[in-house]
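**Student:** Once you've had a glance at the structure underneath, I'll fire off some questions.
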Amino acid sequence: MDEVVPALATGQASTDVLTEKPLKVYIWDMDETLILLKSLLDGSYAGAFDGLKDREKSVEIGKRWENLILELCDEHFFYEEIENYNEPYLNALSEYDDGRDLTSYDFEADCFSSPYDDVNKKKLAYRHRAIGEKYAKGLEKILDQHTVKVWNDLYSLTDNYTDGWLSSAHKLLEEALGKSAATPATNSSSINCIVTSGSLIPSLAKCLLYRLDDVVSSENVYSSWEVGKLQCFKWIKERFDGPNVRFCAIGDGHEECSAAQVMKWPFIKIEFQPDAPHRFPGLDMPTVQTYMDVIYESSSKDG
């Protein structure tokens, strides 16, 4: 998608910055940061533990996640139809959505296809809205009981294999929002965003399957697949920026590190090696806050 439409990326959240209450915006990478998948599939996670982790088990776990992600995308998120029509965020086509009630809408009969004109953009916008509604409901109201059990068992297996990587990452996102008892109440509010290089629909499926949907809303998930992470960071800054707003980027890759440098945001690098300075379990909110204080207190002195 070459067209940049800042107004769409801004959405309604810009009204938040009109208040004087301080706002912290955390921009998380997903793969190999909040979740582990690629490193399980290629065995590199197991390899980092010098034989202490079963590599075959790692690959098997990764393949099971791949299958579950594709199953959710194909059966519930229209992925076979819309795979080739990636957008950077879920409401990117909201201007084409006329608000029609989709309760009895027949998606199978609306003939969504190329060319990618205004008529088909409206049909895609309907699908995006339906996906957002399913995301808000949660997987337990979408999947059958057997699939829910398979999913829960796989999550537990993965969390145990990775020494609590998934659950500790989730806990940190809770603490970022002030939802955890471990985090004292503050006068500031917080928002979690995800900027991932993966395409949008599978990324939303991952958020649900890895239980991130209660700490990251669907409208705060961005795909940098075509536009790049710097563009997504710029959209997020435009959406939430104000005199009392602080941003922090957390990820494992060079692209988000470079983008954070351009934006003059603090960046925390995540690595899965057992002796890495920042990983899960391990990274905590005091550490994140220290990174933010260093950058923003330095900026205020320079100003």
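Residues are named by chain letter and number: chains run A, B, ... in the order of the structure tokens, numbers start at 1 in each chain, and ligands are numbered from 1 in the order shown.
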Select from region 180-234 of chain A every residue with an atom at most 9 Å from any atom of region 150-158 of chain A, then for each give the shortest pair of atoms and their distance in Å to one decimal, using only C-alpha atoms, rows by chain and rising number, as JSON lines.
**Tutor:**
```
{"residue": "A:Leu209", "atom": "CA", "partner": "A:Trp151", "partner_atom": "CA", "distance": 7.3}
{"residue": "A:Tyr210", "atom": "CA", "partner": "A:Tyr155", "partner_atom": "CA", "distance": 7.2}
{"residue": "A:Arg211", "atom": "CA", "partner": "A:Tyr155", "partner_atom": "CA", "distance": 8.9}
```
**Student:** Between region 101-220 of chain A and region 74-81 of chain A, at 12 Å or less, what are the per-residue closest atom pairs and their distances in Å? Count only C-alpha atoms, order by chain and rising residue number, and return it as a tab-separated table.
**Tutor:**
```
residue	atom	partner	partner_atom	distance
A:Phe107	CA	A:Phe78	CA	9.0
A:Glu108	CA	A:Phe78	CA	9.6
A:Asp110	CA	A:Glu81	CA	11.6
A:Cys111	CA	A:Glu81	CA	10.0
A:Phe112	CA	A:Glu81	CA	7.6
A:Ser113	CA	A:Glu81	CA	7.7
A:Ser114	CA	A:Glu81	CA	10.3
A:Asn120	CA	A:Glu81	CA	11.5
A:Lys123	CA	A:Glu81	CA	11.0
A:Leu124	CA	A:Glu81	CA	9.4
A:Ala125	CA	A:Phe78	CA	12.0
A:Tyr126	CA	A:Phe78	CA	11.0
A:Arg127	CA	A:Phe78	CA	7.4
A:His128	CA	A:Phe77	CA	8.5
A:Arg129	CA	A:Phe77	CA	10.5
A:Ala130	CA	A:Phe77	CA	8.3
A:Ile131	CA	A:Phe77	CA	6.0
A:Gly132	CA	A:Phe77	CA	9.6
A:Glu133	CA	A:Phe77	CA	10.8
A:Lys134	CA	A:His76	CA	8.5
A:Tyr135	CA	A:Phe77	CA	9.8
A:Gly138	CA	A:His76	CA	12.0
A:Leu139	CA	A:His76	CA	10.2
A:Lys141	CA	A:His76	CA	11.7
A:Ile142	CA	A:His76	CA	8.0
A:Leu143	CA	A:His76	CA	9.0
A:Asp144	CA	A:His76	CA	11.9
A:Ser199	CA	A:Tyr79	CA	10.8
A:Leu200	CA	A:Tyr79	CA	10.3
A:Ile201	CA	A:Phe77	CA	7.2
A:Pro202	CA	A:Tyr79	CA	8.3
A:Ser203	CA	A:Phe77	CA	11.3
A:Leu204	CA	A:Phe77	CA	9.3
A:Ala205	CA	A:Phe77	CA	8.2
A:Lys206	CA	A:Phe77	CA	12.0
A:Leu208	CA	A:Phe77	CA	11.9
```
**Student:** Using DSSP assignments from the backbone, pull out every residue in region 194-263 of chain A that falls under helix (DSSP H, G or I) and give it to me as a PyMOL selection string.
**Tutor:** chain A and resi 200-209+218-220+229-240+254-263
**Student:** Just give me the gap between CA of Asp213 (chain A) and CA of Lys137 (chain A) in Å, one decimal is fine.
**Tutor:**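 Computed distance, CA of Asp213 (chain A) to CA of Lys137 (chain A), equals 9.6 Å.
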**Student:** Using DSSP on the backbone coordinates, identify all residues within region 26-269 of chain A classified as strand (DSSP E or B); present the result as a PyMOL selection string.
**Tutor:** chain A and resi 26-28+31+35+189-196+221-223+245-251+267-269
**Student:** Can you pull out every residue within 7 Å of region 40-51 of chain A, counting only C-alpha atoms, but drop anything in the same chain fewer than 2 positions away, and send it as number ranges by chain?
**Tutor:** A: 36-38, 53-55, 58-59, 62-63, 272-274
**Student:** Restricting it to N, CA, C and O atoms, dump the selection as a short mmCIF file (atom, residue, chain, number, x, y, z; two decimals), in the first residue's frame.
**Tutor:**
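Now in part38.cif:
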```
data_model
loop_
_atom_site.label_atom_id
_atom_site.label_comp_id
_atom_site.auth_asym_id
_atom_site.auth_seq_id
_atom_site.Cartn_x
_atom_site.Cartn_y
_atom_site.Cartn_z
N LEU A 36 7.41 -16.27 20.67
CA LEU A 36 8.47 -16.99 19.98
C LEU A 36 7.83 -17.93 18.96
O LEU A 36 6.94 -18.69 19.31
N LEU A 37 8.26 -17.85 17.72
CA LEU A 37 7.75 -18.76 16.69
C LEU A 37 8.86 -19.15 15.72
O LEU A 37 9.21 -20.32 15.60
N LYS A 38 9.45 -18.15 15.06
CA LYS A 38 10.51 -18.44 14.08
C LYS A 38 11.66 -19.21 14.73
O LYS A 38 12.17 -20.18 14.18
N LYS A 53 17.80 -27.79 25.76
CA LYS A 53 16.44 -27.79 25.21
C LYS A 53 16.36 -28.77 24.05
O LYS A 53 17.27 -28.86 23.22
N ASP A 54 15.25 -29.49 23.98
CA ASP A 54 15.02 -30.48 22.93
C ASP A 54 14.66 -29.75 21.62
O ASP A 54 13.60 -29.15 21.52
N ARG A 55 15.56 -29.85 20.62
CA ARG A 55 15.33 -29.14 19.37
C ARG A 55 14.13 -29.70 18.61
O ARG A 55 13.34 -28.94 18.04
N SER A 58 11.02 -28.34 19.98
CA SER A 58 10.89 -26.94 19.59
C SER A 58 10.24 -26.82 18.21
O SER A 58 9.28 -26.06 18.01
N VAL A 59 10.75 -27.57 17.26
CA VAL A 59 10.24 -27.52 15.88
C VAL A 59 8.79 -28.00 15.84
O VAL A 59 7.95 -27.41 15.15
N GLY A 62 6.55 -25.28 17.14
CA GLY A 62 6.42 -24.22 16.14
C GLY A 62 5.48 -24.59 15.02
O GLY A 62 4.64 -23.77 14.59
N LYS A 63 5.57 -25.83 14.54
CA LYS A 63 4.68 -26.27 13.46
C LYS A 63 3.22 -26.31 13.91
O LYS A 63 2.32 -25.98 13.14
N PHE A 272 16.68 -13.79 22.82
CA PHE A 272 16.24 -15.00 23.52
C PHE A 272 17.37 -15.80 24.14
O PHE A 272 17.14 -16.77 24.86
N GLN A 273 18.62 -15.42 23.90
CA GLN A 273 19.73 -16.13 24.52
C GLN A 273 19.60 -16.06 26.05
O GLN A 273 19.22 -15.02 26.59
N PRO A 274 19.90 -17.16 26.74
CA PRO A 274 19.66 -17.19 28.19
C PRO A 274 20.44 -16.15 28.99
O PRO A 274 20.00 -15.76 30.07
#
```
**Student:** Any chance you could tabulate, as a tab-separated table, the residues of region 85-190 of chain A at most 12 Å from region 229-235 of chain A with each one's nearest atom pair and distance in Å to one decimal, using only C-alpha atoms, in chain and rising number order?
**Tutor:**
```
residue	atom	partner	partner_atom	distance
A:Glu87	CA	A:Cys232	CA	11.7
A:Pro88	CA	A:Cys232	CA	8.0
A:Tyr89	CA	A:Cys232	CA	9.3
A:Ala92	CA	A:Trp235	CA	11.6
```
**Student:** What would the file look like if the residues just selected were written as a compact mmCIF listing (two decimals), in the first residue's frame with all heavy atoms?
**Tutor:**
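Contents of the output file selection_3.txt:
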```txt
# COMPACT_ATOMS: atom_id res chain seq x y z
N GLU A 87 -3.47 -4.55 4.50
CA GLU A 87 -3.51 -3.14 4.89
C GLU A 87 -2.68 -2.98 6.16
O GLU A 87 -2.48 -3.94 6.91
CB GLU A 87 -4.96 -2.69 5.13
CG GLU A 87 -5.83 -2.68 3.90
CD GLU A 87 -5.47 -1.58 2.91
OE1 GLU A 87 -4.83 -0.59 3.34
OE2 GLU A 87 -5.81 -1.70 1.73
N PRO A 88 -2.20 -1.77 6.45
CA PRO A 88 -1.31 -1.62 7.60
C PRO A 88 -2.00 -1.61 8.96
O PRO A 88 -1.34 -1.79 9.98
CB PRO A 88 -0.62 -0.27 7.34
CG PRO A 88 -1.57 0.47 6.48
CD PRO A 88 -2.25 -0.55 5.62
N TYR A 89 -3.32 -1.41 8.98
CA TYR A 89 -4.06 -1.46 10.24
C TYR A 89 -5.52 -1.71 9.91
O TYR A 89 -5.99 -1.51 8.78
CB TYR A 89 -3.88 -0.20 11.09
CG TYR A 89 -4.01 1.08 10.30
CD1 TYR A 89 -5.23 1.71 10.14
CD2 TYR A 89 -2.88 1.66 9.70
CE1 TYR A 89 -5.35 2.88 9.41
CE2 TYR A 89 -2.99 2.81 8.96
CZ TYR A 89 -4.22 3.42 8.82
OH TYR A 89 -4.33 4.57 8.07
N ALA A 92 -7.95 0.92 8.24
CA ALA A 92 -7.35 1.71 7.15
C ALA A 92 -8.36 2.03 6.05
O ALA A 92 -8.22 3.01 5.33
CB ALA A 92 -6.16 0.96 6.55
```
**Student:** CA of Asn192 (chain A) and CA of Thr162 (chain A), how far apart in Å?
**Tutor:**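 Between CA of Thr162 (chain A) and CA of Asn192 (chain A) the gap is 23.1 Å.
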**Student:** Considering only C-alpha atoms, can you say which of A:Lys57, A:Asp275, A:Asp97, A:Thr33 comes closest to Asn160 (chain A)?
**Tutor:**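 The closest residue to Asn160 (chain A) is A:Lys57.
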